[in-house]
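Next up, start23.txt (compact mmCIF, N, CA and C atoms):
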```txt
# COMPACT_ATOMS: atom_id res chain seq x y z
N MET A 1 -9.61 -52.91 -24.92
CA MET A 1 -9.20 -53.66 -23.74
C MET A 1 -9.70 -55.09 -23.87
N GLU A 2 -8.84 -56.04 -23.55
CA GLU A 2 -9.21 -57.44 -23.67
C GLU A 2 -10.08 -57.89 -22.50
N ASN A 3 -10.99 -58.79 -22.80
CA ASN A 3 -11.81 -59.40 -21.76
C ASN A 3 -10.98 -60.44 -21.03
N MET A 4 -11.45 -60.84 -19.86
CA MET A 4 -10.78 -61.89 -19.10
C MET A 4 -11.83 -62.90 -18.67
N PHE A 5 -11.49 -64.17 -18.79
CA PHE A 5 -12.39 -65.23 -18.33
C PHE A 5 -11.58 -66.30 -17.64
N LEU A 6 -11.97 -66.63 -16.41
CA LEU A 6 -11.35 -67.72 -15.66
C LEU A 6 -12.43 -68.73 -15.31
N GLU A 7 -12.21 -69.98 -15.69
CA GLU A 7 -13.19 -71.02 -15.38
C GLU A 7 -13.16 -71.34 -13.88
N ALA A 8 -14.32 -71.71 -13.38
CA ALA A 8 -14.42 -72.10 -11.97
C ALA A 8 -13.67 -73.40 -11.75
N THR A 9 -13.12 -73.51 -10.55
CA THR A 9 -12.53 -74.77 -10.10
C THR A 9 -13.20 -75.13 -8.78
N LYS A 10 -12.75 -76.19 -8.17
CA LYS A 10 -13.29 -76.59 -6.88
C LYS A 10 -13.10 -75.48 -5.84
N TYR A 11 -12.01 -74.70 -6.00
CA TYR A 11 -11.63 -73.70 -4.99
C TYR A 11 -11.78 -72.25 -5.44
N THR A 12 -12.06 -72.04 -6.72
CA THR A 12 -12.10 -70.66 -7.23
C THR A 12 -13.36 -70.41 -8.05
N PRO A 13 -13.83 -69.18 -8.05
CA PRO A 13 -15.05 -68.86 -8.80
C PRO A 13 -14.79 -68.68 -10.29
N GLU A 14 -15.86 -68.80 -11.05
CA GLU A 14 -15.80 -68.39 -12.45
C GLU A 14 -15.76 -66.87 -12.44
N ILE A 15 -14.85 -66.31 -13.20
CA ILE A 15 -14.74 -64.86 -13.28
C ILE A 15 -14.81 -64.45 -14.74
N SER A 16 -15.74 -63.56 -15.03
CA SER A 16 -15.90 -63.04 -16.38
C SER A 16 -15.83 -61.52 -16.31
N LEU A 17 -14.86 -60.95 -17.01
CA LEU A 17 -14.66 -59.51 -17.05
C LEU A 17 -14.81 -59.09 -18.51
N ASP A 18 -15.94 -58.48 -18.83
CA ASP A 18 -16.28 -58.13 -20.22
C ASP A 18 -16.30 -56.62 -20.37
N ALA A 19 -15.23 -56.08 -20.91
CA ALA A 19 -15.10 -54.63 -21.05
C ALA A 19 -16.12 -54.07 -22.04
N ALA A 20 -16.35 -54.75 -23.14
CA ALA A 20 -17.26 -54.23 -24.17
C ALA A 20 -18.69 -54.16 -23.66
N ALA A 21 -19.11 -55.14 -22.87
CA ALA A 21 -20.47 -55.16 -22.35
C ALA A 21 -20.61 -54.40 -21.03
N GLY A 22 -19.47 -54.12 -20.37
CA GLY A 22 -19.52 -53.47 -19.07
C GLY A 22 -20.05 -54.37 -17.98
N ILE A 23 -19.65 -55.66 -18.04
CA ILE A 23 -20.14 -56.63 -17.06
C ILE A 23 -18.96 -57.33 -16.38
N VAL A 24 -19.01 -57.34 -15.06
CA VAL A 24 -18.03 -58.02 -14.23
C VAL A 24 -18.80 -59.06 -13.43
N SER A 25 -18.38 -60.33 -13.50
CA SER A 25 -19.14 -61.39 -12.84
C SER A 25 -18.21 -62.35 -12.12
N LEU A 26 -18.53 -62.63 -10.86
CA LEU A 26 -17.83 -63.63 -10.06
C LEU A 26 -18.88 -64.60 -9.56
N LYS A 27 -18.68 -65.88 -9.83
CA LYS A 27 -19.72 -66.86 -9.50
C LYS A 27 -19.08 -68.16 -9.03
N GLY A 28 -19.46 -68.59 -7.82
CA GLY A 28 -18.96 -69.87 -7.31
C GLY A 28 -18.39 -69.73 -5.92
N LYS A 29 -17.45 -70.59 -5.60
CA LYS A 29 -16.79 -70.60 -4.29
C LYS A 29 -15.42 -69.96 -4.42
N SER A 30 -14.98 -69.33 -3.33
CA SER A 30 -13.68 -68.66 -3.37
C SER A 30 -12.88 -68.97 -2.12
N TYR A 31 -12.01 -69.97 -2.25
CA TYR A 31 -11.03 -70.23 -1.21
C TYR A 31 -9.77 -70.81 -1.86
N PRO A 32 -9.17 -70.00 -2.75
CA PRO A 32 -7.95 -70.46 -3.43
C PRO A 32 -6.79 -70.61 -2.45
N GLU A 33 -5.82 -71.43 -2.86
CA GLU A 33 -4.65 -71.67 -2.02
C GLU A 33 -3.89 -70.36 -1.77
N ASN A 34 -3.69 -69.58 -2.85
CA ASN A 34 -3.03 -68.29 -2.70
C ASN A 34 -3.97 -67.22 -3.27
N THR A 35 -4.80 -66.69 -2.41
CA THR A 35 -5.86 -65.76 -2.81
C THR A 35 -5.30 -64.53 -3.51
N PHE A 36 -4.22 -63.98 -2.96
CA PHE A 36 -3.62 -62.78 -3.54
C PHE A 36 -3.20 -63.03 -4.99
N ASP A 37 -2.48 -64.11 -5.23
CA ASP A 37 -2.03 -64.43 -6.59
C ASP A 37 -3.21 -64.67 -7.53
N PHE A 38 -4.25 -65.33 -7.03
CA PHE A 38 -5.40 -65.62 -7.87
C PHE A 38 -6.11 -64.34 -8.30
N TYR A 39 -6.32 -63.42 -7.36
CA TYR A 39 -7.11 -62.22 -7.65
C TYR A 39 -6.31 -61.05 -8.24
N MET A 40 -4.98 -61.09 -8.20
CA MET A 40 -4.22 -59.95 -8.71
C MET A 40 -4.51 -59.62 -10.18
N PRO A 41 -4.65 -60.59 -11.08
CA PRO A 41 -5.01 -60.23 -12.46
C PRO A 41 -6.39 -59.55 -12.55
N VAL A 42 -7.30 -59.94 -11.67
CA VAL A 42 -8.63 -59.34 -11.64
C VAL A 42 -8.53 -57.89 -11.16
N ILE A 43 -7.78 -57.67 -10.08
CA ILE A 43 -7.57 -56.32 -9.54
C ILE A 43 -6.92 -55.44 -10.61
N SER A 44 -5.91 -55.95 -11.25
CA SER A 44 -5.21 -55.20 -12.30
C SER A 44 -6.15 -54.86 -13.45
N TRP A 45 -6.96 -55.82 -13.88
CA TRP A 45 -7.91 -55.60 -14.97
C TRP A 45 -8.88 -54.48 -14.60
N LEU A 46 -9.43 -54.54 -13.38
CA LEU A 46 -10.38 -53.52 -12.93
C LEU A 46 -9.74 -52.14 -12.89
N LYS A 47 -8.53 -52.05 -12.40
CA LYS A 47 -7.84 -50.75 -12.33
C LYS A 47 -7.62 -50.18 -13.73
N ASN A 48 -7.35 -51.04 -14.70
CA ASN A 48 -7.17 -50.57 -16.08
C ASN A 48 -8.49 -50.28 -16.78
N TYR A 49 -9.54 -50.96 -16.39
CA TYR A 49 -10.85 -50.81 -17.03
C TYR A 49 -11.53 -49.50 -16.67
N PHE A 50 -11.56 -49.14 -15.41
CA PHE A 50 -12.42 -48.04 -14.99
C PHE A 50 -12.06 -46.66 -15.54
N PRO A 51 -10.82 -46.35 -15.80
CA PRO A 51 -10.59 -45.03 -16.41
C PRO A 51 -11.27 -44.87 -17.79
N ARG A 52 -11.57 -45.97 -18.45
CA ARG A 52 -12.25 -45.89 -19.75
C ARG A 52 -13.44 -46.85 -19.80
N ALA A 53 -14.16 -46.93 -18.69
CA ALA A 53 -15.27 -47.86 -18.56
C ALA A 53 -16.46 -47.47 -19.42
N LYS A 54 -17.32 -48.46 -19.63
CA LYS A 54 -18.60 -48.21 -20.29
C LYS A 54 -19.38 -47.19 -19.45
N GLU A 55 -20.43 -46.61 -20.06
CA GLU A 55 -21.25 -45.63 -19.35
C GLU A 55 -21.77 -46.21 -18.03
N LYS A 56 -22.18 -47.48 -18.09
CA LYS A 56 -22.64 -48.16 -16.88
C LYS A 56 -21.98 -49.53 -16.81
N THR A 57 -21.53 -49.88 -15.62
CA THR A 57 -20.94 -51.19 -15.40
C THR A 57 -21.80 -51.94 -14.39
N VAL A 58 -22.07 -53.21 -14.68
CA VAL A 58 -22.81 -54.07 -13.77
C VAL A 58 -21.82 -55.09 -13.20
N VAL A 59 -21.81 -55.19 -11.88
CA VAL A 59 -20.93 -56.12 -11.19
C VAL A 59 -21.80 -57.13 -10.44
N ASP A 60 -21.68 -58.39 -10.81
CA ASP A 60 -22.47 -59.45 -10.19
C ASP A 60 -21.57 -60.35 -9.34
N PHE A 61 -21.89 -60.44 -8.05
CA PHE A 61 -21.24 -61.37 -7.14
C PHE A 61 -22.24 -62.45 -6.81
N GLU A 62 -21.92 -63.68 -7.17
CA GLU A 62 -22.74 -64.83 -6.78
C GLU A 62 -21.80 -65.84 -6.14
N ILE A 63 -21.32 -65.48 -4.97
CA ILE A 63 -20.32 -66.28 -4.27
C ILE A 63 -21.01 -67.04 -3.13
N SER A 64 -21.07 -68.34 -3.27
CA SER A 64 -21.78 -69.16 -2.28
C SER A 64 -20.98 -69.38 -1.01
N TYR A 65 -19.65 -69.35 -1.12
CA TYR A 65 -18.79 -69.51 0.04
C TYR A 65 -17.47 -68.82 -0.25
N PHE A 66 -16.92 -68.13 0.76
CA PHE A 66 -15.58 -67.57 0.61
C PHE A 66 -14.90 -67.52 1.96
N ASN A 67 -13.58 -67.61 1.92
CA ASN A 67 -12.80 -67.59 3.16
C ASN A 67 -12.40 -66.15 3.50
N SER A 68 -11.74 -65.98 4.63
CA SER A 68 -11.41 -64.63 5.10
C SER A 68 -10.42 -63.92 4.18
N THR A 69 -9.51 -64.64 3.57
CA THR A 69 -8.57 -63.96 2.66
C THR A 69 -9.28 -63.52 1.38
N SER A 70 -10.27 -64.29 0.94
CA SER A 70 -11.07 -63.84 -0.20
C SER A 70 -11.86 -62.59 0.17
N SER A 71 -12.37 -62.55 1.39
CA SER A 71 -13.11 -61.38 1.86
C SER A 71 -12.23 -60.13 1.77
N LYS A 72 -10.97 -60.25 2.15
CA LYS A 72 -10.04 -59.12 2.07
C LYS A 72 -9.90 -58.65 0.62
N LEU A 73 -9.79 -59.60 -0.31
CA LEU A 73 -9.67 -59.22 -1.72
C LEU A 73 -10.96 -58.62 -2.25
N PHE A 74 -12.10 -59.09 -1.75
CA PHE A 74 -13.38 -58.48 -2.13
C PHE A 74 -13.42 -57.03 -1.65
N PHE A 75 -12.88 -56.77 -0.45
CA PHE A 75 -12.79 -55.39 0.03
C PHE A 75 -11.96 -54.56 -0.94
N ASP A 76 -10.85 -55.13 -1.41
CA ASP A 76 -10.01 -54.41 -2.38
C ASP A 76 -10.80 -54.10 -3.66
N ILE A 77 -11.60 -55.06 -4.11
CA ILE A 77 -12.42 -54.85 -5.31
C ILE A 77 -13.44 -53.74 -5.04
N PHE A 78 -14.09 -53.79 -3.89
CA PHE A 78 -15.07 -52.74 -3.56
C PHE A 78 -14.39 -51.38 -3.44
N ASP A 79 -13.15 -51.33 -2.94
CA ASP A 79 -12.41 -50.07 -2.90
C ASP A 79 -12.22 -49.50 -4.30
N ILE A 80 -11.88 -50.37 -5.25
CA ILE A 80 -11.72 -49.93 -6.65
C ILE A 80 -13.04 -49.41 -7.19
N LEU A 81 -14.12 -50.12 -6.90
CA LEU A 81 -15.44 -49.70 -7.36
C LEU A 81 -15.84 -48.36 -6.75
N GLU A 82 -15.54 -48.19 -5.47
CA GLU A 82 -15.87 -46.95 -4.78
C GLU A 82 -15.10 -45.77 -5.40
N GLU A 83 -13.84 -45.99 -5.70
CA GLU A 83 -13.03 -44.94 -6.33
C GLU A 83 -13.57 -44.62 -7.72
N ALA A 84 -13.98 -45.64 -8.46
CA ALA A 84 -14.52 -45.42 -9.81
C ALA A 84 -15.80 -44.60 -9.75
N VAL A 85 -16.66 -44.88 -8.77
CA VAL A 85 -17.90 -44.10 -8.60
C VAL A 85 -17.55 -42.66 -8.26
N ALA A 86 -16.58 -42.46 -7.39
CA ALA A 86 -16.16 -41.11 -7.01
C ALA A 86 -15.64 -40.34 -8.23
N ASN A 87 -15.10 -41.08 -9.20
CA ASN A 87 -14.58 -40.46 -10.42
C ASN A 87 -15.61 -40.39 -11.54
N GLY A 88 -16.87 -40.68 -11.22
CA GLY A 88 -17.95 -40.49 -12.18
C GLY A 88 -18.49 -41.73 -12.87
N SER A 89 -17.96 -42.90 -12.56
CA SER A 89 -18.49 -44.13 -13.17
C SER A 89 -19.84 -44.49 -12.55
N GLU A 90 -20.75 -45.00 -13.38
CA GLU A 90 -22.02 -45.52 -12.88
C GLU A 90 -21.87 -47.03 -12.74
N ILE A 91 -22.04 -47.52 -11.53
CA ILE A 91 -21.83 -48.94 -11.25
C ILE A 91 -23.01 -49.48 -10.47
N GLU A 92 -23.56 -50.58 -10.96
CA GLU A 92 -24.61 -51.31 -10.25
C GLU A 92 -24.00 -52.62 -9.78
N ILE A 93 -24.11 -52.89 -8.48
CA ILE A 93 -23.55 -54.12 -7.91
C ILE A 93 -24.69 -54.99 -7.42
N ASN A 94 -24.69 -56.23 -7.86
CA ASN A 94 -25.69 -57.20 -7.43
C ASN A 94 -25.00 -58.28 -6.62
N TRP A 95 -25.42 -58.43 -5.37
CA TRP A 95 -24.90 -59.46 -4.48
C TRP A 95 -25.97 -60.53 -4.37
N TYR A 96 -25.75 -61.66 -5.02
CA TYR A 96 -26.72 -62.75 -5.03
C TYR A 96 -26.43 -63.71 -3.89
N TYR A 97 -27.51 -64.19 -3.27
CA TYR A 97 -27.36 -65.13 -2.17
C TYR A 97 -28.53 -66.12 -2.20
N ASP A 98 -28.27 -67.30 -1.71
CA ASP A 98 -29.31 -68.32 -1.58
C ASP A 98 -30.03 -68.07 -0.26
N GLU A 99 -31.35 -68.19 -0.27
CA GLU A 99 -32.13 -67.91 0.96
C GLU A 99 -31.71 -68.79 2.12
N GLU A 100 -31.13 -69.95 1.85
CA GLU A 100 -30.71 -70.86 2.91
C GLU A 100 -29.28 -70.58 3.38
N ASN A 101 -28.63 -69.61 2.76
CA ASN A 101 -27.24 -69.29 3.09
C ASN A 101 -27.20 -67.93 3.79
N GLU A 102 -27.46 -67.96 5.10
CA GLU A 102 -27.51 -66.72 5.87
C GLU A 102 -26.18 -65.98 5.87
N SER A 103 -25.08 -66.72 5.86
CA SER A 103 -23.78 -66.06 5.91
C SER A 103 -23.52 -65.26 4.63
N ALA A 104 -24.01 -65.74 3.48
CA ALA A 104 -23.85 -64.98 2.23
C ALA A 104 -24.66 -63.69 2.28
N LEU A 105 -25.87 -63.77 2.82
CA LEU A 105 -26.69 -62.56 2.97
C LEU A 105 -26.02 -61.59 3.93
N GLU A 106 -25.54 -62.09 5.06
CA GLU A 106 -24.88 -61.22 6.04
C GLU A 106 -23.64 -60.56 5.46
N ALA A 107 -22.89 -61.30 4.65
CA ALA A 107 -21.71 -60.72 4.02
C ALA A 107 -22.12 -59.58 3.08
N GLY A 108 -23.16 -59.81 2.30
CA GLY A 108 -23.66 -58.75 1.42
C GLY A 108 -24.11 -57.53 2.19
N GLU A 109 -24.79 -57.75 3.30
CA GLU A 109 -25.23 -56.63 4.16
C GLU A 109 -24.03 -55.88 4.73
N ASP A 110 -22.98 -56.63 5.11
CA ASP A 110 -21.77 -56.00 5.64
C ASP A 110 -21.10 -55.14 4.58
N PHE A 111 -20.97 -55.68 3.36
CA PHE A 111 -20.36 -54.89 2.28
C PHE A 111 -21.20 -53.65 2.00
N LYS A 112 -22.50 -53.80 2.03
CA LYS A 112 -23.40 -52.66 1.78
C LYS A 112 -23.20 -51.59 2.86
N ASP A 113 -23.05 -52.00 4.12
CA ASP A 113 -22.81 -51.06 5.21
C ASP A 113 -21.43 -50.40 5.10
N ASP A 114 -20.42 -51.20 4.77
CA ASP A 114 -19.06 -50.69 4.70
C ASP A 114 -18.82 -49.77 3.51
N PHE A 115 -19.57 -49.98 2.45
CA PHE A 115 -19.40 -49.19 1.22
C PHE A 115 -20.73 -48.53 0.87
N ASN A 116 -21.18 -47.63 1.76
CA ASN A 116 -22.51 -47.05 1.60
C ASN A 116 -22.62 -46.07 0.44
N THR A 117 -21.51 -45.71 -0.19
CA THR A 117 -21.58 -44.86 -1.38
C THR A 117 -21.85 -45.68 -2.65
N LEU A 118 -21.78 -47.00 -2.52
CA LEU A 118 -22.01 -47.86 -3.68
C LEU A 118 -23.47 -48.33 -3.73
N ASN A 119 -23.95 -48.56 -4.95
CA ASN A 119 -25.29 -49.07 -5.18
C ASN A 119 -25.22 -50.60 -5.16
N ILE A 120 -25.38 -51.20 -3.96
CA ILE A 120 -25.30 -52.65 -3.81
C ILE A 120 -26.71 -53.20 -3.59
N ASN A 121 -27.15 -54.04 -4.51
CA ASN A 121 -28.45 -54.67 -4.43
C ASN A 121 -28.29 -56.09 -3.90
N LEU A 122 -29.02 -56.42 -2.84
CA LEU A 122 -29.01 -57.78 -2.31
C LEU A 122 -30.15 -58.53 -2.99
N LYS A 123 -29.80 -59.61 -3.72
CA LYS A 123 -30.80 -60.33 -4.51
C LYS A 123 -30.81 -61.81 -4.16
N GLU A 124 -31.97 -62.29 -3.77
CA GLU A 124 -32.12 -63.69 -3.43
C GLU A 124 -32.22 -64.52 -4.71
N LEU A 125 -31.54 -65.65 -4.72
CA LEU A 125 -31.59 -66.56 -5.87
C LEU A 125 -32.85 -67.40 -5.84
```

Structure translated into structure tokens:
Amino acid sequence: MENMFLEATKYTPEISLDAAAGIVSLKGKSYPENTFDFYMPVISWLKNYFPRAKEKTVVDFEISYFNSTSSKLFFDIFDILEEAVANGSEIEINWYYDEENESALEAGEDFKDDFNTLNINLKEL
């Protein structure tokens, strides 16, 4: 399976999807003009990856700001992760936040509450 890498822009995060290493990373701001179109290749990659995933996958979210449509797509990503765990995948999720960014911490706490079957670690930068 091929890896995917998208460079960060002013409106979109850097996204690194490394199948061989079992690492999924989103880093930066997320408020693309068309969120659905931006994230669809990522969603597709994840759906193709998990049936033959590494023994353990690490998912790192370091999103300093995101809009409500990005939040919806993050829910879709967490749904995929939740299904993968239900099917036997081991997944560690790290939600990074800056101590001065309360909304990022609160978002991580909300995802942790909404997806309580997932191993979501809240980590201060």

### Between atom CA of A:Thr117 and atom N of A:Phe38 - distance in Å to one decimal
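Separation of atom N of A:Phe38 and atom CA of A:Thr117: 27.4 Å.
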
### Query
Residues of chain A in strand (DSSP E) according to DSSP, as a PyMOL selection string?
chain A and resi 4-6+14-18+23-30+56-66+90-97+119-124

### Query
Interatomic distance between atom N of A:Tyr65 and atom CA of A:Ile15?
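It comes out at 13.9 Å.
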
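Minimum distance to A:Lys27 across A:Tyr96, A:Phe66, A:Phe61, A:Phe75 (counting all atoms listed in the file) occurs at A:Phe61.
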
### Task
Pick out each residue of chain A that DSSP on the backbone tags as helix (DSSP H, G or I); I need them as a PyMOL selection string.
chain A and resi 35-52+68-86+102-114

#### Entry: A:Leu26 environment, 6.5 Å, only N, CA and C atoms, sequence neighbours closer than 6 positions dropped, as a PyMOL selection string
chain A and resi 13-16+59-63

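Atom CA of A:Tyr39 to atom CA of A:Phe74 spans 9.2 Å [interatomic distance, one decimal].
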
### Message
At a cut-off of 9 Å, using only C-alpha atoms, what residues contact A:Thr35? Leave out same-chain residues fewer than 6 positions from it and give the result as number ranges by chain.
### Response
A: 69-70, 73

### Query
Given the choices A:Ala8, A:Lys123, A:Ala19, A:Leu46, which gets closest to A:Leu81 if the distance is worked out from all atoms listed in the file?
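For A:Leu81, the nearest of the candidates is A:Leu46.
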